[in-house]
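Text of the file my_file_20.csv, holding CSV, C-alpha atoms:
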```
chain,number,residue,atom,x,y,z
A,1,MET,CA,5.9,29.6,-2.4
A,2,GLY,CA,8.7,27.3,-1.2
A,3,GLY,CA,11.4,29.0,-3.3
A,4,VAL,CA,10.2,27.5,-6.6
A,5,THR,CA,9.8,29.9,-9.5
A,6,PRO,CA,6.7,29.1,-11.6
A,7,GLY,CA,7.5,28.3,-15.2
A,8,VAL,CA,11.1,27.2,-14.6
A,9,LEU,CA,11.5,23.8,-16.2
A,10,GLY,CA,13.1,21.0,-14.2
A,11,GLU,CA,12.0,22.4,-10.8
A,12,ARG,CA,9.1,21.2,-8.8
A,13,ASP,CA,7.6,21.5,-5.4
A,14,PRO,CA,9.3,18.7,-3.5
A,15,GLY,CA,6.3,18.3,-1.2
A,16,LEU,CA,3.7,17.4,-3.7
A,17,GLN,CA,5.1,14.1,-5.1
A,18,PRO,CA,5.8,12.5,-1.7
A,19,GLU,CA,2.3,13.6,-0.5
A,20,ARG,CA,0.6,12.0,-3.5
A,21,THR,CA,2.6,8.8,-3.0
A,22,ARG,CA,1.8,8.7,0.7
A,23,LEU,CA,-1.9,9.1,0.0
A,24,ALA,CA,-1.7,6.4,-2.7
A,25,TRP,CA,-0.1,4.0,-0.1
A,26,ARG,CA,-2.9,4.8,2.4
A,27,ARG,CA,-5.6,4.1,-0.2
A,28,THR,CA,-4.0,0.8,-1.1
A,29,THR,CA,-3.8,-0.2,2.6
A,30,LEU,CA,-7.4,0.8,3.1
A,31,ALA,CA,-8.6,-1.2,0.1
A,32,SER,CA,-6.6,-4.2,1.4
A,33,THR,CA,-8.1,-3.8,4.8
A,34,VAL,CA,-11.6,-3.8,3.5
A,35,VAL,CA,-10.9,-7.0,1.5
A,36,ALA,CA,-9.4,-8.7,4.6
A,37,VAL,CA,-12.3,-7.6,6.9
A,38,LEU,CA,-14.9,-8.9,4.4
A,39,ALA,CA,-13.0,-12.1,3.9
A,40,GLY,CA,-12.8,-12.5,7.7
A,41,LYS,CA,-16.5,-11.8,8.1
A,42,ALA,CA,-17.3,-14.4,5.5
A,43,GLY,CA,-15.0,-16.9,7.1
A,44,LEU,CA,-16.5,-16.4,10.5
A,45,ALA,CA,-20.1,-16.8,9.2
A,46,GLY,CA,-21.9,-19.9,10.3
A,47,GLY,CA,-21.3,-23.0,8.2
A,48,ALA,CA,-18.1,-21.7,6.4
A,49,SER,CA,-16.2,-24.4,4.6
A,50,ALA,CA,-12.6,-25.2,5.2
A,51,GLY,CA,-11.8,-23.7,1.8
A,52,VAL,CA,-13.4,-20.4,2.7
A,53,LEU,CA,-11.5,-20.3,6.0
A,54,ALA,CA,-8.2,-21.1,4.2
A,55,ALA,CA,-8.9,-18.4,1.6
A,56,GLY,CA,-9.7,-15.9,4.4
A,57,ALA,CA,-6.4,-16.7,6.2
A,58,VAL,CA,-4.5,-16.3,2.9
A,59,CYS,CA,-6.2,-12.9,2.4
A,60,CYS,CA,-5.2,-11.8,5.9
A,61,VAL,CA,-1.6,-12.8,5.4
A,62,GLY,CA,-1.5,-10.8,2.1
A,63,TRP,CA,-3.1,-7.8,3.9
A,64,ALA,CA,-0.4,-8.0,6.7
A,65,GLY,CA,2.3,-7.9,4.0
A,66,VAL,CA,0.8,-4.9,2.2
A,67,LEU,CA,0.5,-3.1,5.6
A,68,GLY,CA,4.1,-3.8,6.5
A,69,VAL,CA,5.5,-2.5,3.2
A,70,ALA,CA,3.1,0.5,3.2
A,71,ARG,CA,4.2,1.6,6.7
A,72,ARG,CA,7.9,1.3,5.7
A,73,ARG,CA,7.2,3.4,2.5
A,74,ILE,CA,5.2,6.1,4.3
A,75,ARG,CA,8.0,6.4,6.9
A,76,GLY,CA,10.5,6.7,4.0
A,77,LEU,CA,8.5,9.5,2.5
A,78,ALA,CA,8.3,11.5,5.8
A,79,GLY,CA,11.9,12.5,5.8
A,80,VAL,CA,13.3,15.9,4.8
A,81,GLY,CA,14.7,16.3,1.3
A,82,GLU,CA,14.6,13.7,-1.5
A,83,PRO,CA,12.6,10.6,-0.4
A,84,GLU,CA,14.4,7.3,-0.4
A,85,ARG,CA,13.6,5.0,-3.2
A,86,LEU,CA,11.6,1.8,-2.6
A,87,PRO,CA,13.9,-1.1,-3.0
A,88,LEU,CA,13.0,-3.6,-5.8
A,89,ARG,CA,12.4,-6.4,-3.4
A,90,PHE,CA,9.8,-4.4,-1.5
A,91,ALA,CA,8.1,-3.4,-4.7
A,92,VAL,CA,7.9,-7.0,-5.8
A,93,GLY,CA,6.8,-8.0,-2.3
A,94,VAL,CA,3.9,-5.6,-2.3
A,95,VAL,CA,2.7,-6.7,-5.7
A,96,VAL,CA,2.8,-10.3,-4.5
A,97,CYS,CA,1.0,-9.4,-1.3
A,98,VAL,CA,-1.7,-7.5,-3.2
A,99,LEU,CA,-2.2,-10.4,-5.5
A,100,VAL,CA,-2.4,-12.8,-2.5
A,101,THR,CA,-5.0,-10.6,-0.9
A,102,VAL,CA,-7.1,-10.4,-4.1
A,103,GLY,CA,-6.7,-14.2,-4.6
A,104,GLY,CA,-7.8,-14.8,-1.0
A,105,GLY,CA,-10.8,-12.5,-1.4
A,106,VAL,CA,-11.8,-14.2,-4.7
A,107,GLY,CA,-11.4,-17.6,-3.0
A,108,VAL,CA,-13.8,-16.5,-0.2
A,109,VAL,CA,-16.4,-15.3,-2.7
A,110,LEU,CA,-16.2,-18.4,-4.9
A,111,GLY,CA,-15.8,-20.8,-1.9
```

Could the structure of this file be written out as structure tokens, please?
Amino acid sequence: MGGVTPGVLGERDPGLQPERTRLAWRRTTLASTVVAVLAGKAGLAGGASAGVLAAGAVCCVGWAGVLGVARRRIRGLAGVGEPERLPLRFAVGVVVCVLVTVGGGVGVVLG
């Protein structure tokens, strides 16, 4: 059982937390991908306005940022032992990228 004695406080299975975090990053990336694909589809539809195209482009830029930070984080969780912490600048960056992706998606819908 991985050397962890059940019921001992302060000890945990070191494989569970990184796995949950890795899955959460993959879900976030998947959701951003869906938003970017739908925004791109709406932007490529016949008769799309310049505003819709711009919002779709903004959405895709935000998606690329989320993808970059998620890939870095997933690699950081893959190591043996204690996973490295996500630096504050990357945490802030991914929040900004998610907000940009959402804003672009909303702009496509409303445009």

Note to self: So the first atom is CA of Gly107 (chain A) and the second is CA of Leu38 (chain A); what is the distance between them in Å, to one decimal place?
What the structure shows: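 Separating CA of Gly107 (chain A) from CA of Leu38 (chain A) is a distance of 11.9 Å.
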
Check: So, counting all atoms listed in the file, which residue among A:Gly93, A:Gly56, A:Gly105, A:Gly40 is closest to Ala70 (chain A)?
Finding: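 Closest candidate: A:Gly93.
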
Next item on the list: Find, counting all atoms listed in the file, the residue in A:Ile74, A:Val37, A:Val96, A:Ala91 that gets nearest to Cys60 (chain A).
Entry: A:Val37

Item checked: A:Leu77, A:Leu23, A:Leu86, A:Val102 ranked by distance to Trp63 (chain A), top pick (using all atoms listed in the file) ->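 Answer, going by the shortest atom-to-atom distance: A:Val102.
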
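Of the listed residues (A:Leu16, A:Val61, A:Leu44, A:Val69), A:Val69 comes nearest to Phe90 (chain A); the distances count only C-alpha atoms.
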
Margin query: Please compute the CA of Gly68 (chain A)-CA of Trp25 (chain A) distance, one decimal, in Å.
Written below: 11.0 Å

Contacts of Val52 (chain A) within 12 Å, all atoms listed in the file, excl. fewer than 6 positions in-chain, as a PDB file with C-alpha atoms, in the frame of the given file:
```pdb
ATOM      1  CA  LEU A  38     -14.900  -8.900   4.400  1.00  0.00           C
ATOM      2  CA  ALA A  39     -13.000 -12.100   3.900  1.00  0.00           C
ATOM      3  CA  GLY A  40     -12.800 -12.500   7.700  1.00  0.00           C
ATOM      4  CA  LYS A  41     -16.500 -11.800   8.100  1.00  0.00           C
ATOM      5  CA  ALA A  42     -17.300 -14.400   5.500  1.00  0.00           C
ATOM      6  CA  GLY A  43     -15.000 -16.900   7.100  1.00  0.00           C
ATOM      7  CA  LEU A  44     -16.500 -16.400  10.500  1.00  0.00           C
ATOM      8  CA  ALA A  45     -20.100 -16.800   9.200  1.00  0.00           C
ATOM      9  CA  GLY A  46     -21.900 -19.900  10.300  1.00  0.00           C
ATOM     10  CA  VAL A  58      -4.500 -16.300   2.900  1.00  0.00           C
ATOM     11  CA  CYS A  59      -6.200 -12.900   2.400  1.00  0.00           C
ATOM     12  CA  GLY A 103      -6.700 -14.200  -4.600  1.00  0.00           C
ATOM     13  CA  GLY A 104      -7.800 -14.800  -1.000  1.00  0.00           C
ATOM     14  CA  GLY A 105     -10.800 -12.500  -1.400  1.00  0.00           C
ATOM     15  CA  VAL A 106     -11.800 -14.200  -4.700  1.00  0.00           C
ATOM     16  CA  GLY A 107     -11.400 -17.600  -3.000  1.00  0.00           C
ATOM     17  CA  VAL A 108     -13.800 -16.500  -0.200  1.00  0.00           C
ATOM     18  CA  VAL A 109     -16.400 -15.300  -2.700  1.00  0.00           C
ATOM     19  CA  LEU A 110     -16.200 -18.400  -4.900  1.00  0.00           C
ATOM     20  CA  GLY A 111     -15.800 -20.800  -1.900  1.00  0.00           C
TER      21      GLY A 111
END
```

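Take CA of Arg22 (chain A) and CA of Ala78 (chain A): the distance between them is 8.7 Å.
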
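In this comparison, which uses only C-alpha atoms, the residue of A:Ala36, A:Leu53, A:Ala48, A:Leu88 approaching Val66 (chain A) most closely is A:Ala36.
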
Item checked: Residue nearest Cys97 (chain A) - candidates A:Thr28, A:Gly47, A:Ala54, A:Glu82, atoms counted: only C-alpha atoms ->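 Once distances to Cys97 (chain A) are computed over only C-alpha atoms, the minimum belongs to A:Thr28.
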